[in-house]
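**Q** This is the content of input_9.cif (mmCIF, C-alpha atoms and all ligand atoms):
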```cif
data_final
loop_
_atom_site.label_atom_id
_atom_site.label_comp_id
_atom_site.auth_asym_id
_atom_site.auth_seq_id
_atom_site.Cartn_x
_atom_site.Cartn_y
_atom_site.Cartn_z
CA MET A 1 -32.59 -85.58 -58.89
CA ALA A 2 -35.97 -86.88 -60.10
CA SER A 3 -37.61 -89.99 -58.70
CA THR A 4 -40.21 -92.16 -60.45
CA LEU A 5 -42.60 -94.64 -58.82
CA VAL A 6 -43.74 -97.62 -60.90
CA THR A 7 -47.06 -99.06 -59.71
CA GLY A 8 -49.85 -101.34 -60.92
CA ILE A 9 -47.41 -104.28 -61.29
CA SER A 10 -49.25 -107.62 -61.33
CA GLN A 11 -46.02 -109.59 -61.05
CA LEU A 12 -42.54 -108.15 -60.51
CA VAL A 13 -39.84 -110.46 -61.87
CA THR A 14 -36.68 -109.26 -60.16
CA CYS A 15 -34.33 -112.00 -61.49
CA ASP A 16 -32.71 -111.59 -58.10
CA GLY A 17 -34.13 -114.48 -56.08
CA GLU A 18 -32.87 -117.42 -54.04
CA PRO A 19 -32.08 -120.90 -55.43
CA ASP A 20 -35.65 -122.07 -54.74
CA ASP A 21 -37.10 -119.02 -56.58
CA PRO A 22 -34.35 -117.65 -58.85
CA LEU A 23 -36.77 -115.30 -60.62
CA GLY A 24 -37.49 -113.58 -57.29
CA LEU A 25 -41.18 -113.10 -58.07
CA LEU A 26 -43.09 -110.43 -56.11
CA ARG A 27 -46.84 -109.72 -56.13
CA ASP A 28 -48.32 -106.25 -55.64
CA ALA A 29 -44.89 -104.70 -55.53
CA ALA A 30 -43.77 -101.22 -56.56
CA VAL A 31 -40.38 -99.88 -57.64
CA ILE A 32 -38.81 -96.44 -57.26
CA ALA A 33 -35.98 -95.22 -59.47
CA GLU A 34 -33.95 -92.12 -58.77
CA ASP A 35 -31.53 -90.71 -61.29
CA GLY A 36 -31.87 -93.89 -63.34
CA VAL A 37 -30.99 -96.21 -60.44
CA ILE A 38 -33.37 -98.44 -58.44
CA THR A 39 -33.61 -97.06 -54.91
CA TRP A 40 -36.68 -98.78 -53.47
CA ILE A 41 -38.56 -102.09 -54.01
CA GLY A 42 -41.44 -103.14 -51.77
CA PRO A 43 -45.17 -103.61 -51.31
CA ALA A 44 -47.13 -101.07 -53.37
CA ALA A 45 -49.26 -100.23 -50.32
CA ARG A 46 -46.18 -98.94 -48.49
CA ALA A 47 -44.48 -97.11 -51.36
CA PRO A 48 -43.09 -93.70 -50.44
CA GLU A 49 -43.90 -90.57 -52.44
CA ALA A 50 -41.96 -89.86 -55.64
CA ASP A 51 -41.74 -86.94 -58.07
CA GLY A 52 -43.51 -88.83 -60.85
CA ALA A 53 -45.47 -92.07 -61.29
CA ILE A 54 -46.02 -94.69 -63.97
CA ASP A 55 -48.99 -97.05 -63.67
CA VAL A 56 -48.51 -100.26 -65.70
CA GLU A 57 -52.15 -101.22 -65.07
CA GLY A 58 -51.87 -104.85 -64.03
CA ARG A 59 -49.01 -105.92 -66.27
CA CYS A 60 -45.86 -107.88 -65.47
CA VAL A 61 -42.57 -105.97 -65.05
CA LEU A 62 -39.19 -107.60 -65.70
CA PRO A 63 -35.55 -106.51 -66.09
CA GLY A 64 -34.32 -105.08 -69.38
CA PHE A 65 -32.77 -107.76 -71.58
CA VAL A 66 -28.98 -107.84 -71.84
CA ASP A 67 -27.99 -108.81 -75.38
CA SER A 68 -24.35 -109.73 -74.80
CA HIS A 69 -23.51 -110.71 -78.40
CA SER A 70 -24.32 -108.70 -81.53
CA HIS A 71 -22.68 -107.56 -84.76
CA LEU A 72 -25.05 -104.61 -85.16
CA ILE A 73 -22.80 -102.38 -87.26
CA PHE A 74 -22.46 -103.40 -90.90
CA ALA A 75 -23.62 -102.49 -94.40
CA GLY A 76 -24.80 -104.63 -97.31
CA ASP A 77 -27.33 -107.40 -97.87
CA ARG A 78 -27.02 -111.20 -97.72
CA ALA A 79 -30.65 -112.23 -98.08
CA SER A 80 -29.81 -114.44 -101.07
CA GLU A 81 -27.23 -116.32 -98.95
CA PHE A 82 -29.98 -117.01 -96.39
CA ALA A 83 -32.35 -118.18 -99.12
CA ALA A 84 -29.70 -120.55 -100.47
CA ARG A 85 -29.12 -121.96 -96.99
CA MET A 86 -32.80 -122.72 -96.62
CA THR A 87 -32.51 -124.95 -99.67
CA GLY A 88 -29.46 -126.79 -98.38
CA THR A 89 -26.27 -124.72 -98.84
CA PRO A 90 -24.31 -124.99 -95.57
CA TYR A 91 -22.86 -121.97 -93.71
CA ASP A 92 -19.05 -121.76 -93.58
CA GLY A 93 -18.31 -118.08 -92.93
CA GLY A 94 -17.41 -117.35 -96.55
CA GLY A 95 -20.22 -114.79 -96.90
CA ILE A 96 -18.52 -112.50 -94.38
CA ALA A 97 -16.43 -111.15 -97.29
CA THR A 98 -19.58 -109.70 -98.90
CA THR A 99 -20.39 -107.72 -95.75
CA VAL A 100 -16.77 -106.59 -95.40
CA ALA A 101 -16.77 -105.10 -98.93
CA ALA A 102 -20.04 -103.21 -98.34
CA THR A 103 -18.98 -102.02 -94.89
CA ARG A 104 -15.63 -100.70 -96.04
CA ALA A 105 -17.42 -98.72 -98.78
CA ALA A 106 -20.00 -97.16 -96.42
CA SER A 107 -19.52 -93.69 -94.93
CA ASP A 108 -19.67 -92.99 -91.18
CA ASP A 109 -23.11 -91.45 -91.60
CA GLU A 110 -24.42 -94.42 -93.56
CA LEU A 111 -23.15 -96.82 -90.89
CA ARG A 112 -24.58 -94.62 -88.12
CA ALA A 113 -27.99 -94.61 -89.80
CA LEU A 114 -27.99 -98.41 -90.18
CA LEU A 115 -26.85 -98.88 -86.58
CA HIS A 116 -29.55 -96.57 -85.26
CA GLN A 117 -32.25 -98.33 -87.24
CA ARG A 118 -31.18 -101.71 -85.81
CA LEU A 119 -30.78 -100.34 -82.29
CA THR A 120 -34.27 -98.86 -82.38
CA ALA A 121 -35.67 -102.26 -83.36
CA ALA A 122 -33.74 -104.05 -80.61
CA ARG A 123 -34.71 -101.56 -77.92
CA ALA A 124 -38.37 -101.65 -78.90
CA LEU A 125 -38.32 -105.37 -78.05
CA GLY A 126 -36.77 -104.81 -74.63
CA SER A 127 -32.98 -104.92 -75.10
CA HIS A 128 -31.61 -102.22 -72.78
CA THR A 129 -27.94 -103.23 -73.06
CA ILE A 130 -26.42 -104.40 -76.34
CA GLU A 131 -22.85 -105.48 -76.92
CA ILE A 132 -21.55 -104.59 -80.40
CA LYS A 133 -18.57 -106.14 -82.21
CA SER A 134 -16.39 -104.92 -85.04
CA GLY A 135 -15.28 -107.58 -87.52
CA TYR A 136 -16.58 -106.35 -90.86
CA GLY A 137 -13.64 -104.05 -91.55
CA LEU A 138 -10.67 -106.43 -91.38
CA GLU A 139 -8.29 -103.55 -92.05
CA THR A 140 -7.01 -101.14 -89.42
CA GLU A 141 -8.91 -98.03 -90.45
CA THR A 142 -12.33 -99.66 -90.86
CA GLU A 143 -12.07 -101.82 -87.72
CA ALA A 144 -11.23 -98.73 -85.64
CA ARG A 145 -14.01 -96.77 -87.35
CA LEU A 146 -16.61 -99.46 -86.53
CA LEU A 147 -15.60 -99.48 -82.88
CA ARG A 148 -15.59 -95.69 -82.66
CA LEU A 149 -19.13 -95.57 -84.10
CA ALA A 150 -20.32 -98.41 -81.85
CA ARG A 151 -18.90 -96.55 -78.83
CA GLU A 152 -21.23 -93.67 -79.61
CA VAL A 153 -24.12 -95.92 -78.54
CA THR A 154 -22.67 -98.43 -76.04
CA GLU A 155 -19.76 -99.01 -73.66
CA GLU A 156 -19.94 -102.73 -74.47
CA THR A 157 -17.77 -102.84 -77.58
CA THR A 158 -15.70 -105.79 -78.77
CA TYR A 159 -12.69 -105.85 -81.09
CA LEU A 160 -13.17 -108.71 -83.60
CA GLY A 161 -10.42 -108.02 -86.11
CA ALA A 162 -9.91 -111.81 -85.99
CA HIS A 163 -13.33 -112.55 -87.49
CA VAL A 164 -11.90 -114.17 -90.63
CA VAL A 165 -8.71 -113.88 -92.69
CA PRO A 166 -9.67 -111.42 -95.45
CA SER A 167 -9.53 -112.87 -98.95
CA GLY A 168 -6.16 -112.31 -100.59
CA SER A 169 -4.30 -111.94 -97.25
CA ASP A 170 -1.59 -114.23 -96.00
CA ARG A 171 -2.72 -115.80 -92.68
CA ARG A 172 0.53 -115.03 -90.85
CA ASP A 173 0.63 -111.44 -92.10
CA TYR A 174 -2.98 -110.91 -91.10
CA LEU A 175 -2.40 -112.31 -87.60
CA ASP A 176 0.52 -109.92 -87.20
CA LEU A 177 -1.73 -107.04 -88.19
CA VAL A 178 -4.58 -108.11 -85.86
CA THR A 179 -2.23 -108.49 -82.90
CA GLY A 180 -0.14 -105.41 -83.75
CA GLU A 181 -1.10 -102.20 -85.54
CA MET A 182 -4.85 -102.97 -85.75
CA LEU A 183 -5.07 -103.86 -82.06
CA ALA A 184 -3.28 -100.65 -81.08
CA ALA A 185 -5.76 -98.60 -83.13
CA CYS A 186 -8.83 -100.46 -81.84
CA ALA A 187 -8.08 -101.06 -78.16
CA PRO A 188 -8.90 -97.48 -77.07
CA HIS A 189 -12.48 -97.95 -78.38
CA ALA A 190 -13.06 -101.50 -77.09
CA ARG A 191 -13.69 -103.32 -73.83
CA PHE A 192 -13.34 -106.89 -75.12
CA VAL A 193 -11.29 -108.87 -77.64
CA ASP A 194 -12.95 -111.71 -79.58
CA VAL A 195 -11.91 -114.30 -82.19
CA PHE A 196 -13.81 -116.71 -84.47
CA CYS A 197 -12.11 -119.94 -83.38
CA GLU A 198 -13.40 -122.52 -85.85
CA PRO A 199 -11.28 -125.23 -87.45
CA HIS A 200 -14.31 -126.25 -89.54
CA SER A 201 -14.23 -122.96 -91.48
CA PRO A 202 -11.33 -122.33 -93.86
CA HIS A 203 -11.78 -118.60 -93.20
CA ALA A 204 -11.66 -118.60 -89.39
CA PHE A 205 -8.89 -119.30 -86.86
CA THR A 206 -7.34 -122.39 -85.26
CA GLY A 207 -6.97 -122.87 -81.51
CA GLU A 208 -3.32 -121.74 -81.55
CA GLU A 209 -4.11 -118.67 -83.65
CA SER A 210 -7.04 -117.81 -81.41
CA GLU A 211 -4.89 -118.03 -78.31
CA GLU A 212 -2.37 -115.66 -79.88
CA VAL A 213 -5.13 -113.12 -80.67
CA LEU A 214 -6.62 -113.28 -77.18
CA ARG A 215 -3.22 -113.00 -75.46
CA ALA A 216 -2.40 -109.91 -77.49
CA GLY A 217 -5.79 -108.40 -76.62
CA ILE A 218 -5.29 -109.09 -72.93
CA GLY A 219 -1.87 -107.43 -73.20
CA ALA A 220 -3.64 -104.33 -74.54
CA GLY A 221 -6.01 -104.28 -71.55
CA LEU A 222 -9.01 -106.00 -73.16
CA THR A 223 -11.10 -108.81 -71.65
CA PRO A 224 -11.26 -111.97 -73.78
CA ARG A 225 -14.37 -113.62 -75.23
CA LEU A 226 -14.61 -116.11 -78.06
CA HIS A 227 -16.81 -117.52 -80.85
CA GLY A 228 -16.35 -121.27 -80.48
CA ASN A 229 -17.76 -124.70 -81.36
CA GLN A 230 -20.28 -123.27 -83.82
CA LEU A 231 -19.78 -125.54 -86.84
CA GLY A 232 -18.36 -128.62 -85.11
CA TYR A 233 -16.34 -129.87 -82.14
CA GLY A 234 -13.14 -127.90 -81.60
CA PRO A 235 -10.76 -126.23 -79.18
CA GLY A 236 -12.77 -123.03 -78.57
CA ILE A 237 -14.63 -123.87 -75.39
CA GLN A 238 -11.63 -125.24 -73.51
CA LEU A 239 -9.41 -122.39 -74.70
CA ALA A 240 -11.97 -119.85 -73.47
CA CYS A 241 -12.10 -121.55 -70.06
CA GLU A 242 -8.30 -121.74 -69.79
CA MET A 243 -7.99 -118.06 -70.66
CA GLN A 244 -10.75 -117.09 -68.21
CA ALA A 245 -12.73 -115.50 -71.02
CA ALA A 246 -15.88 -113.67 -69.96
CA SER A 247 -17.86 -115.80 -72.39
CA VAL A 248 -17.66 -118.48 -75.05
CA ASP A 249 -20.39 -118.04 -77.61
CA HIS A 250 -22.32 -120.49 -79.82
CA CYS A 251 -21.37 -123.75 -77.98
CA THR A 252 -23.42 -125.69 -80.50
CA PHE A 253 -21.13 -128.76 -80.34
CA ILE A 254 -20.09 -129.65 -76.77
CA SER A 255 -17.93 -132.67 -75.88
CA ASP A 256 -17.88 -134.16 -72.37
CA ALA A 257 -14.50 -132.47 -71.77
CA ASP A 258 -15.97 -129.14 -72.91
CA LEU A 259 -18.86 -129.61 -70.53
CA SER A 260 -16.66 -130.25 -67.51
CA ALA A 261 -14.40 -127.30 -68.39
CA LEU A 262 -17.45 -125.03 -68.53
CA ALA A 263 -18.81 -126.41 -65.26
CA ASP A 264 -15.45 -125.87 -63.54
CA SER A 265 -15.33 -122.30 -64.94
CA ARG A 266 -18.88 -121.35 -64.00
CA ASP A 267 -17.67 -118.38 -61.92
CA THR A 268 -15.58 -116.89 -64.74
CA THR A 269 -16.77 -118.06 -68.15
CA VAL A 270 -20.37 -117.99 -69.38
CA ALA A 271 -21.63 -120.26 -72.18
CA THR A 272 -23.61 -117.92 -74.42
CA LEU A 273 -26.18 -119.66 -76.60
CA LEU A 274 -27.43 -118.03 -79.81
CA PRO A 275 -30.48 -120.00 -80.96
CA GLY A 276 -31.31 -117.54 -83.74
CA VAL A 277 -28.16 -118.86 -85.48
CA GLU A 278 -29.34 -122.46 -85.44
CA PHE A 279 -32.73 -121.29 -86.70
CA SER A 280 -31.19 -119.34 -89.59
CA THR A 281 -28.50 -121.85 -90.55
CA ARG A 282 -30.55 -125.04 -90.12
CA GLN A 283 -28.01 -126.44 -87.66
CA PRO A 284 -28.93 -128.54 -84.62
CA TYR A 285 -29.64 -126.46 -81.49
CA PRO A 286 -27.21 -126.69 -78.56
CA ASP A 287 -28.37 -128.83 -75.64
CA ALA A 288 -29.01 -126.15 -73.03
CA ARG A 289 -30.51 -128.70 -70.66
CA ARG A 290 -27.20 -130.58 -70.53
CA LEU A 291 -25.33 -127.36 -69.72
CA LEU A 292 -27.77 -126.25 -67.02
CA ASP A 293 -27.89 -129.68 -65.40
CA ALA A 294 -24.08 -129.64 -65.18
CA GLY A 295 -24.20 -126.26 -63.40
CA VAL A 296 -22.77 -124.20 -66.28
CA SER A 297 -23.43 -120.47 -66.29
CA VAL A 298 -25.59 -119.82 -69.39
CA ALA A 299 -26.59 -116.67 -71.29
CA LEU A 300 -28.87 -116.15 -74.28
CA ALA A 301 -28.07 -113.52 -76.89
CA SER A 302 -29.21 -112.60 -80.38
CA ASP A 303 -25.91 -112.57 -82.35
CA CYS A 304 -27.75 -110.15 -84.68
CA ASN A 305 -25.64 -110.17 -87.87
CA PRO A 306 -26.21 -110.33 -91.63
CA GLY A 307 -24.92 -113.90 -92.07
CA THR A 308 -26.19 -116.30 -89.44
CA CYS A 309 -29.07 -114.47 -87.71
CA TYR A 310 -30.61 -111.21 -88.83
CA SER A 311 -32.74 -110.71 -85.73
CA SER A 312 -32.15 -108.70 -82.57
CA SER A 313 -35.29 -110.02 -80.88
CA MET A 314 -34.52 -111.31 -77.39
CA PRO A 315 -38.13 -112.53 -76.93
CA LEU A 316 -37.60 -114.71 -80.02
CA MET A 317 -34.37 -116.10 -78.51
CA ILE A 318 -36.28 -116.95 -75.32
CA GLN A 319 -39.02 -118.66 -77.34
CA LEU A 320 -36.50 -120.73 -79.31
CA ALA A 321 -34.57 -121.64 -76.14
CA VAL A 322 -37.73 -122.94 -74.50
CA ARG A 323 -39.14 -124.74 -77.53
CA GLU A 324 -35.93 -126.12 -79.01
CA MET A 325 -33.23 -126.23 -76.32
CA GLY A 326 -34.91 -127.68 -73.25
CA MET A 327 -34.90 -124.54 -71.09
CA THR A 328 -37.79 -123.63 -68.82
CA VAL A 329 -39.28 -120.17 -69.35
CA ALA A 330 -37.70 -119.08 -66.06
CA GLU A 331 -34.24 -120.35 -67.11
CA ALA A 332 -34.49 -118.65 -70.48
CA LEU A 333 -35.55 -115.35 -68.94
CA LEU A 334 -32.68 -115.52 -66.44
CA ALA A 335 -30.23 -116.31 -69.24
CA ALA A 336 -31.45 -113.29 -71.24
CA THR A 337 -31.02 -110.93 -68.29
CA ARG A 338 -28.65 -112.01 -65.50
CA GLY A 339 -26.83 -114.41 -67.81
CA GLY A 340 -26.09 -111.64 -70.29
CA ALA A 341 -24.95 -109.38 -67.46
CA ALA A 342 -22.51 -112.08 -66.27
CA ALA A 343 -21.24 -112.55 -69.84
CA LEU A 344 -20.44 -108.82 -69.89
CA ARG A 345 -19.15 -108.91 -66.30
CA ARG A 346 -21.64 -106.26 -65.29
CA GLY A 347 -23.16 -106.37 -61.81
CA ASN A 348 -25.58 -103.45 -62.14
CA ILE A 349 -27.79 -104.66 -65.01
CA GLY A 350 -29.96 -107.72 -65.69
CA SER A 351 -31.92 -107.67 -62.43
CA ILE A 352 -34.33 -105.43 -60.55
CA THR A 353 -32.40 -104.91 -57.39
CA LEU A 354 -31.35 -101.98 -55.20
CA GLY A 355 -28.52 -100.04 -56.81
CA ALA A 356 -29.03 -101.56 -60.28
CA LYS A 357 -29.80 -99.48 -63.35
CA ALA A 358 -33.54 -98.87 -63.71
CA HIS A 359 -33.72 -100.89 -66.93
CA LEU A 360 -37.32 -102.08 -66.79
CA ASN A 361 -39.49 -103.86 -69.31
CA VAL A 362 -43.23 -104.19 -69.18
CA LEU A 363 -44.87 -107.36 -70.50
CA ASP A 364 -48.39 -106.91 -71.81
CA ALA A 365 -49.59 -109.93 -69.83
CA PRO A 366 -50.10 -110.73 -66.16
CA HIS A 367 -47.44 -113.46 -65.91
CA TYR A 368 -43.87 -113.93 -67.22
CA GLU A 369 -44.63 -117.29 -68.85
CA HIS A 370 -46.49 -115.42 -71.59
CA LEU A 371 -43.02 -114.45 -72.88
CA ALA A 372 -42.66 -117.90 -74.42
CA TYR A 373 -46.34 -118.80 -74.57
CA GLN A 374 -47.47 -116.01 -76.93
CA ILE A 375 -44.97 -116.57 -79.73
CA GLY A 376 -44.11 -113.90 -82.27
CA VAL A 377 -46.26 -111.27 -80.57
CA PRO A 378 -44.61 -107.97 -79.55
CA LEU A 379 -45.62 -108.16 -75.88
CA VAL A 380 -42.49 -106.66 -74.33
CA SER A 381 -41.66 -102.98 -74.35
CA PRO A 382 -39.15 -100.91 -72.41
CA ILE A 383 -40.33 -98.39 -69.82
CA THR A 384 -38.64 -95.37 -71.34
CA THR A 385 -40.27 -92.68 -69.24
CA ILE A 386 -38.10 -93.22 -66.14
CA GLU A 387 -35.95 -90.14 -65.73
CA GLY A 388 -32.19 -90.48 -65.87
CA VAL A 389 -32.03 -93.97 -67.40
CA ASN A 390 -29.13 -94.67 -69.73
CA ALA A 391 -27.17 -97.71 -70.89
N1 LIG B 401 -19.53 -117.00 -86.72
C1 LIG B 401 -18.99 -115.96 -86.80
N2 LIG B 401 -19.54 -114.73 -86.88
C2 LIG B 401 -20.94 -114.46 -86.94
C3 LIG B 401 -21.47 -114.56 -88.34
C4 LIG B 401 -20.84 -113.60 -89.25
C5 LIG B 401 -21.39 -113.56 -90.65
O1 LIG B 401 -21.66 -114.61 -91.27
O2 LIG B 401 -21.54 -112.44 -91.16
C6 LIG B 401 -21.66 -115.32 -85.95
O3 LIG B 401 -21.46 -115.09 -84.76
O4 LIG B 401 -22.43 -116.23 -86.30
ZN ZN B 402 -21.17 -113.57 -83.48
#
```
Produce structure tokens that represent the structure in this file.
Ligand SMILES: N=CN[C@@H](CCC(=O)O)C(=O)O
Ligand SMILES: [Zn+2]

**A**
Amino acid sequence: MASTLVTGISQLVTCDGEPDDPLGLLRDAAVIAEDGVITWIGPAARAPEADGAIDVEGRCVLPGFVDSHSHLIFAGDRASEFAARMTGTPYDGGGIATTVAATRAASDDELRALLHQRLTAARALGSHTIEIKSGYGLETETEARLLRLAREVTEETTYLGAHVVPSGSDRRDYLDLVTGEMLAACAPHARFVDVFCEPHSPHAFTGEESEEVLRAGIGAGLTPRLHGNQLGYGPGIQLACEMQAASVDHCTFISDADLSALADSRDTTVATLLPGVEFSTRQPYPDARRLLDAGVSVALASDCNPGTCYSSSMPLMIQLAVREMGMTVAEALLAATRGGAAALRRGNIGSITLGAKAHLNVLDAPHYEHLAYQIGVPLVSPITTIEGVNA
């Protein structure tokens, strides 16, 4: 067992504070990790001896980001779809078919290489935990393959066979496949089941269809989560709350009834906001202020995918949340750490606390507010030299 002492911390942001200081800020603190787990937090002057030491030389230390929503495994290119959107073509999910064709045609090694390239980029910007969905196979063999490859790099895998109805398939036949043979092949490699519940897209699923998919997934031992209310008002948010989903993601269009359902479900269902999607689709941003003021549990995630947001940068999501969605820097940072952990139902990540994973980021600034203040600058990096740290 090797222990590591982290010193020289100007400001330790534990994300484990009290209601009057939810960031749990500590000055002149030090942290010890043993076997990848935090075992001591206290004043640097009283830190016990450790086997090794890391001096961050007056920088701020914060928890590793938890990116609770990504589609990191896919092949193909949709840059021209993005360019068309910037000149006015709306997003409706139809471009998913392009990614499905390229992904089906890619070998395991090609997909692995693409995944590793994207993971390296995400980790370099401070994402220590990344959820990864299937959803670009839409046939049993490729969906199971995507989840098996994603499982090589994370435990947080999500079965999204119900991303869209593949072109040429009958809706009813496809639902039978997603809830039958495909589910049986995918469930061993997945922790969650997800569905794109979106009546405003002709390719996605209705409320009734979404409920059927989630119920089947629950029956196979998976925890539900849901893409909802992305393109307009719809049944997604209330369905997610009724089904005690871990998270409902996008929440771009929120009715008063949606808001009260989310507030009532704050202990079970997280509203995960994905501001990179609004940036890349030219949609209005969700009103995070309204959610927070109603007491809703909120997370921020990247949604990194080839259609609606090709970025895995959690600092960018924090910057957009603060500038465009009415969140304070503290709220955005909490949503990108503790919020993501809640959306994955994980208690041992997203905060710097005794017994948590030693997922630490260093910010090349003395104070956490620089996260949103210095926009577009790669200030955050993971502390990768702590022994024994894994996802
Ligand atoms: N909206 C559904 N799925 C993805 C986009 C998928 C794509 O366009 O490739 C999302 O979360 O935005
Ligand atoms: Zn998504």

**Q** Just want the 7 Å neighbourhood of region 126-133 of chain A, counted on all atoms listed in the file, with same-chain residues fewer than 6 positions away dropped. Output as a PyMOL selection string.

**A** chain A and resi 64-72+150+156-160+314+359+361+380-382+391

**Q** Under the rule that all atoms listed in the file are counted, which of A:Ile96, A:Ala50, A:Ala190, A:Leu273 is the nearest residue to ligand LIG 401 (chain B)?

**A**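 So, comparing all the options, the nearest one is A:Ile96.
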
**Q** For Glu81 (chain A), work out the shell of residues within 12 Å, counting only C-alpha atoms and skipping chain neighbours fewer than 2 positions away, then give it as a list of chain:residue names.

**A** A:Asp77, A:Arg78, A:Ala79, A:Ala83, A:Ala84, A:Arg85, A:Met86, A:Thr87, A:Gly88, A:Thr89, A:Pro90, A:Tyr91, A:Asp92, A:Gly93, A:Gly94, A:Gly95, A:Ile96, A:Thr98, A:Thr99, A:Ser280, A:Thr281, A:Pro306, A:Gly307, A:Thr308, A:Cys309, A:Tyr310

**Q** When distances are computed from all atoms listed in the file, which of A:Arg151, A:His203, A:Arg225, A:Arg171 shows the smallest separation from ligand ZN 402 (chain B)?

**A**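 Closest residue, counting all atoms listed in the file: A:Arg225.
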
**Q** Just to confirm, what's the straight-line distance from CA of Thr179 (chain A) to CA of Gly217 (chain A) in Å (one decimal)?

**A**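 According to the coordinates, CA of Thr179 (chain A) and CA of Gly217 (chain A) are separated by 7.2 Å.
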
**Q** Expressed in Å to a single decimal, how great is the separation between CA of Leu354 (chain A) and CA of Glu155 (chain A)?

**A**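 Distance reported for this atom pair: 22.0 Å.
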
**Q** What is the distance between atom N1 of ligand LIG 401 (chain B) and CA of Asp267 (chain A), in Å to one decimal?

**A**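 About the pair atom N1 of ligand LIG 401 (chain B) and CA of Asp267 (chain A): they are 24.9 Å apart.
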
**Q** Would you mind completing region 333-346 of chain A so that it carries N, CA and C atoms, and writing it out as a PDB file, keeping the file's coordinate frame?

**A**
```pdb
ATOM      1  N   LEU A 333     -35.472-116.767 -69.332  1.00  0.00           N
ATOM      2  CA  LEU A 333     -35.550-115.350 -68.940  1.00  0.00           C
ATOM      3  C   LEU A 333     -34.311-114.953 -68.129  1.00  0.00           C
ATOM      4  N   LEU A 334     -33.901-115.816 -67.221  1.00  0.00           N
ATOM      5  CA  LEU A 334     -32.680-115.520 -66.440  1.00  0.00           C
ATOM      6  C   LEU A 334     -31.456-115.424 -67.346  1.00  0.00           C
ATOM      7  N   ALA A 335     -31.380-116.311 -68.333  1.00  0.00           N
ATOM      8  CA  ALA A 335     -30.230-116.310 -69.240  1.00  0.00           C
ATOM      9  C   ALA A 335     -30.189-115.047 -70.101  1.00  0.00           C
ATOM     10  N   ALA A 336     -31.368-114.493 -70.396  1.00  0.00           N
ATOM     11  CA  ALA A 336     -31.450-113.290 -71.240  1.00  0.00           C
ATOM     12  C   ALA A 336     -31.248-111.999 -70.445  1.00  0.00           C
ATOM     13  N   THR A 337     -31.172-112.123 -69.144  1.00  0.00           N
ATOM     14  CA  THR A 337     -31.020-110.930 -68.290  1.00  0.00           C
ATOM     15  C   THR A 337     -29.751-111.060 -67.448  1.00  0.00           C
ATOM     16  N   ARG A 338     -29.821-111.820 -66.377  1.00  0.00           N
ATOM     17  CA  ARG A 338     -28.650-112.010 -65.500  1.00  0.00           C
ATOM     18  C   ARG A 338     -27.500-112.706 -66.222  1.00  0.00           C
ATOM     19  N   GLY A 339     -27.861-113.677 -67.073  1.00  0.00           N
ATOM     20  CA  GLY A 339     -26.830-114.410 -67.810  1.00  0.00           C
ATOM     21  C   GLY A 339     -26.040-113.478 -68.704  1.00  0.00           C
ATOM     22  N   GLY A 340     -26.754-112.606 -69.417  1.00  0.00           N
ATOM     23  CA  GLY A 340     -26.090-111.640 -70.290  1.00  0.00           C
ATOM     24  C   GLY A 340     -25.220-110.679 -69.486  1.00  0.00           C
ATOM     25  N   ALA A 341     -25.730-110.283 -68.320  1.00  0.00           N
ATOM     26  CA  ALA A 341     -24.950-109.380 -67.460  1.00  0.00           C
ATOM     27  C   ALA A 341     -23.649-110.059 -67.030  1.00  0.00           C
ATOM     28  N   ALA A 342     -23.721-111.343 -66.670  1.00  0.00           N
ATOM     29  CA  ALA A 342     -22.510-112.080 -66.270  1.00  0.00           C
ATOM     30  C   ALA A 342     -21.547-112.197 -67.456  1.00  0.00           C
ATOM     31  N   ALA A 343     -22.095-112.404 -68.648  1.00  0.00           N
ATOM     32  CA  ALA A 343     -21.240-112.550 -69.840  1.00  0.00           C
ATOM     33  C   ALA A 343     -20.537-111.227 -70.170  1.00  0.00           C
ATOM     34  N   LEU A 344     -21.099-110.126 -69.697  1.00  0.00           N
ATOM     35  CA  LEU A 344     -20.440-108.820 -69.890  1.00  0.00           C
ATOM     36  C   LEU A 344     -19.717-108.375 -68.609  1.00  0.00           C
ATOM     37  N   ARG A 345     -19.761-109.237 -67.595  1.00  0.00           N
ATOM     38  CA  ARG A 345     -19.150-108.910 -66.300  1.00  0.00           C
ATOM     39  C   ARG A 345     -19.669-107.579 -65.765  1.00  0.00           C
ATOM     40  N   ARG A 346     -21.001-107.463 -65.807  1.00  0.00           N
ATOM     41  CA  ARG A 346     -21.640-106.260 -65.290  1.00  0.00           C
ATOM     42  C   ARG A 346     -22.542-106.662 -64.130  1.00  0.00           C
TER      43      ARG A 346
END
```
